[in-house]
Amino acid sequence: MNWSWILPPSFSTVSGDIDGIYMVILWITGITFFITEGLLFYFIFKYRHKEGRKATYDHGSTKMEIAWTMIPLVIVLWIGALSKGVWDTVKVDVPPAGLEIIVTGKQFEWTVTYPGPDGALGTSDDFETLNELHAPEDEAVVITLRSEDVLHSFFLPEMRIKQDAVPGQDITVWFEAIQPGNYTIGCAELCGIGHTTMNGTLTVYTAADFQAWSNSQTQQQQP
Ligand SMILES: [Cu+2]
């Protein structure tokens with residue numbers, strides 16, 4: 001089935017697993033929503049005012065209270081267990097970096113710092129791009145996420161990445177794109193008057209094209 005009206009198309013190694021859990025949760029909450037709303041309207045209709053019918057007092061049902069507490073508890077624990085693997089993949093087991101970069105958010109732009117020809121960050125051949133993230137496909141891009149001022153949230157919808165950038169903290173976030181193309185960068189945390197303009201473009205290249213782009217940047221920025 002085509003779900004593109006619910007989720008944007010996805011192009012990262014983890015997006016399938018994340019979307020899978022998203023759909024499981026959507027089905028559970030969706031079905032529960034329609035059952036409870038259906039019951040609500042049914043009872044509104046069933047117990048509407050009728051001439052001569054007297055209201056009665058009900059002490060409730062301990063059995064039902066236990067049931068409607070335990071069933072959601074079991075479901076929530078099950079979702080937690082189901083999510084554990086994906087959570088670890090995304091948040092804990094950061095893979096060896098194919099490309100290591102720094103992304104810095106500030107009102108209202110994203111600065112991306114690349115290691116340059118020596119492959120190491122924090123050296124004189126580093127170079128920067130503004131509101132553009134350039135990356136090779138099929139390689140883990142490991143990002144150190146920072147903020148210079150307020151809370152931002154680094155959002156790559158097609159990579160299923162959304163991570164708060166917190167002033168004073170280095171936060172690691174990574175993705176691996178599976179297809180060259182142009183994708184969206186957004187800020188997903190209301191960060192001030194220009195928040196809605198805090199956008200950019202993620203460009204994913206083949207390995208060779210990325211190398212060519214990286215070389216051209218080095219020549220431009222390090223004459
Ligand atoms: Cu922002």
# chains A, B, ... in the order shown; residues from 1 in each chain; ligands from 1

$ residues_around --residues "region 18-27 of chain A" --least-positions-apart "4" --cutoff "7 Å" --atoms "only C-alpha atoms" --output "list in words"
Val14, Ile31, Ser83 and Val86 of chain A

$ residues_near_ligand --ligand "ligand 1" --cutoff "12 Å" --atoms "only C-alpha atoms and all ligand atoms" --output "ChimeraX atom specification"
/A:104-111,131,146-155,163-167,185-200

$ atom_distance --atom1 "CA of Ala135 (chain A)" --atom2 "CA of Val173 (chain A)"
14.2 Å

$ select_by_dssp --residues "region 19-123 of chain A" --states "strand (DSSP E)" --output "MDAnalysis selection string"
chainID A and resid 99:106 109:114

$ write_last_selection --atoms "all heavy atoms" --output "short mmCIF file (atom, residue, chain, number, x, y, z; two decimals), in the first residue's frame"
data_model
loop_
_atom_site.label_atom_id
_atom_site.label_comp_id
_atom_site.auth_asym_id
_atom_site.auth_seq_id
_atom_site.Cartn_x
_atom_site.Cartn_y
_atom_site.Cartn_z
N LEU A 99 31.82 9.49 6.94
CA LEU A 99 32.06 10.93 6.90
C LEU A 99 31.68 11.50 8.26
O LEU A 99 30.61 11.21 8.78
CB LEU A 99 31.19 11.59 5.82
CG LEU A 99 31.21 13.13 5.79
CD1 LEU A 99 32.57 13.65 5.34
CD2 LEU A 99 30.11 13.67 4.87
N GLU A 100 32.59 12.28 8.83
CA GLU A 100 32.33 12.88 10.13
C GLU A 100 32.20 14.38 9.95
O GLU A 100 33.11 15.01 9.39
CB GLU A 100 33.49 12.56 11.07
CG GLU A 100 33.07 12.22 12.47
CD GLU A 100 34.23 11.73 13.32
OE1 GLU A 100 35.17 11.13 12.76
OE2 GLU A 100 34.18 11.97 14.53
N ILE A 101 31.10 14.96 10.41
CA ILE A 101 30.89 16.40 10.23
C ILE A 101 30.33 17.00 11.51
O ILE A 101 29.92 16.28 12.42
CB ILE A 101 29.92 16.70 9.05
CG1 ILE A 101 28.59 15.98 9.26
CG2 ILE A 101 30.55 16.32 7.72
CD1 ILE A 101 27.55 16.28 8.20
N ILE A 102 30.34 18.34 11.55
CA ILE A 102 29.72 19.06 12.66
C ILE A 102 28.57 19.87 12.09
O ILE A 102 28.73 20.55 11.07
CB ILE A 102 30.72 20.01 13.35
CG1 ILE A 102 31.91 19.23 13.90
CG2 ILE A 102 30.03 20.80 14.46
CD1 ILE A 102 33.06 20.13 14.34
N VAL A 103 27.40 19.77 12.70
CA VAL A 103 26.27 20.61 12.30
C VAL A 103 25.96 21.54 13.47
O VAL A 103 25.75 21.08 14.59
CB VAL A 103 25.04 19.77 11.94
CG1 VAL A 103 23.82 20.67 11.72
CG2 VAL A 103 25.30 18.93 10.69
N THR A 104 25.97 22.85 13.19
CA THR A 104 25.71 23.82 14.24
C THR A 104 24.47 24.63 13.88
O THR A 104 24.40 25.24 12.81
CB THR A 104 26.91 24.78 14.40
OG1 THR A 104 28.09 24.00 14.55
CG2 THR A 104 26.73 25.67 15.62
N GLY A 105 23.49 24.61 14.77
CA GLY A 105 22.29 25.41 14.57
C GLY A 105 22.43 26.74 15.28
O GLY A 105 23.01 26.81 16.37
N LYS A 106 21.97 27.81 14.63
CA LYS A 106 21.83 29.09 15.32
C LYS A 106 20.70 29.83 14.64
O LYS A 106 20.34 29.52 13.51
CB LYS A 106 23.14 29.88 15.32
CG LYS A 106 23.52 30.48 14.00
CD LYS A 106 24.66 31.48 14.18
CE LYS A 106 24.90 32.24 12.90
NZ LYS A 106 26.11 33.04 12.91
N GLU A 109 19.86 29.43 11.02
CA GLU A 109 20.55 28.73 9.94
C GLU A 109 21.35 27.55 10.48
O GLU A 109 21.62 27.45 11.68
CB GLU A 109 21.50 29.70 9.20
CG GLU A 109 22.52 30.35 10.12
CD GLU A 109 23.16 31.60 9.53
OE1 GLU A 109 22.53 32.27 8.69
OE2 GLU A 109 24.31 31.89 9.90
N TRP A 110 21.68 26.65 9.55
CA TRP A 110 22.50 25.49 9.88
C TRP A 110 23.86 25.64 9.22
O TRP A 110 23.95 25.83 8.01
CB TRP A 110 21.85 24.21 9.36
CG TRP A 110 20.50 23.91 9.93
CD1 TRP A 110 19.30 24.08 9.30
CD2 TRP A 110 20.20 23.39 11.23
NE1 TRP A 110 18.27 23.68 10.13
CE2 TRP A 110 18.80 23.27 11.32
CE3 TRP A 110 20.98 23.02 12.33
CZ2 TRP A 110 18.16 22.78 12.46
CZ3 TRP A 110 20.34 22.53 13.46
CH2 TRP A 110 18.95 22.42 13.52
N THR A 111 24.92 25.53 10.02
CA THR A 111 26.28 25.54 9.46
C THR A 111 26.83 24.11 9.54
O THR A 111 26.75 23.47 10.58
CB THR A 111 27.20 26.48 10.27
OG1 THR A 111 26.61 27.78 10.29
CG2 THR A 111 28.58 26.56 9.65
N VAL A 112 27.36 23.65 8.41
CA VAL A 112 27.92 22.29 8.37
C VAL A 112 29.43 22.39 8.16
O VAL A 112 29.89 23.07 7.25
CB VAL A 112 27.28 21.47 7.23
CG1 VAL A 112 27.80 20.03 7.26
CG2 VAL A 112 25.76 21.49 7.33
N THR A 113 30.18 21.76 9.04
CA THR A 113 31.65 21.77 8.96
C THR A 113 32.15 20.39 8.51
O THR A 113 31.78 19.38 9.11
CB THR A 113 32.26 22.13 10.33
OG1 THR A 113 31.64 23.32 10.81
CG2 THR A 113 33.76 22.34 10.21
N TYR A 114 32.97 20.39 7.45
CA TYR A 114 33.51 19.14 6.89
C TYR A 114 35.00 19.03 7.22
O TYR A 114 35.67 20.05 7.39
CB TYR A 114 33.35 19.13 5.36
CG TYR A 114 31.92 19.31 4.91
CD1 TYR A 114 31.36 20.58 4.84
CD2 TYR A 114 31.13 18.22 4.57
CE1 TYR A 114 30.04 20.76 4.44
CE2 TYR A 114 29.82 18.39 4.17
CZ TYR A 114 29.28 19.66 4.11
OH TYR A 114 27.98 19.84 3.72
#

$ atom_distance --atom1 "CA of Leu130 (chain A)" --atom2 "CA of Pro157 (chain A)"
18.7 Å

$ atom_distance --atom1 "CA of Gly98 (chain A)" --atom2 "CA of Glu132 (chain A)"
18.3 Å

$ residues_around --residues "Thr32 (chain A)" --least-positions-apart "4" --cutoff "12 Å" --atoms "only C-alpha atoms" --output "VMD selection string"
chain A and resid 25 to 28 36 to 39 68 71 to 72 75

$ residues_around --residues "region 204-221 of chain A" --least-positions-apart "5" --cutoff "6 Å" --atoms "only C-alpha atoms" --output "ChimeraX atom specification"
/A:134-137,180-181
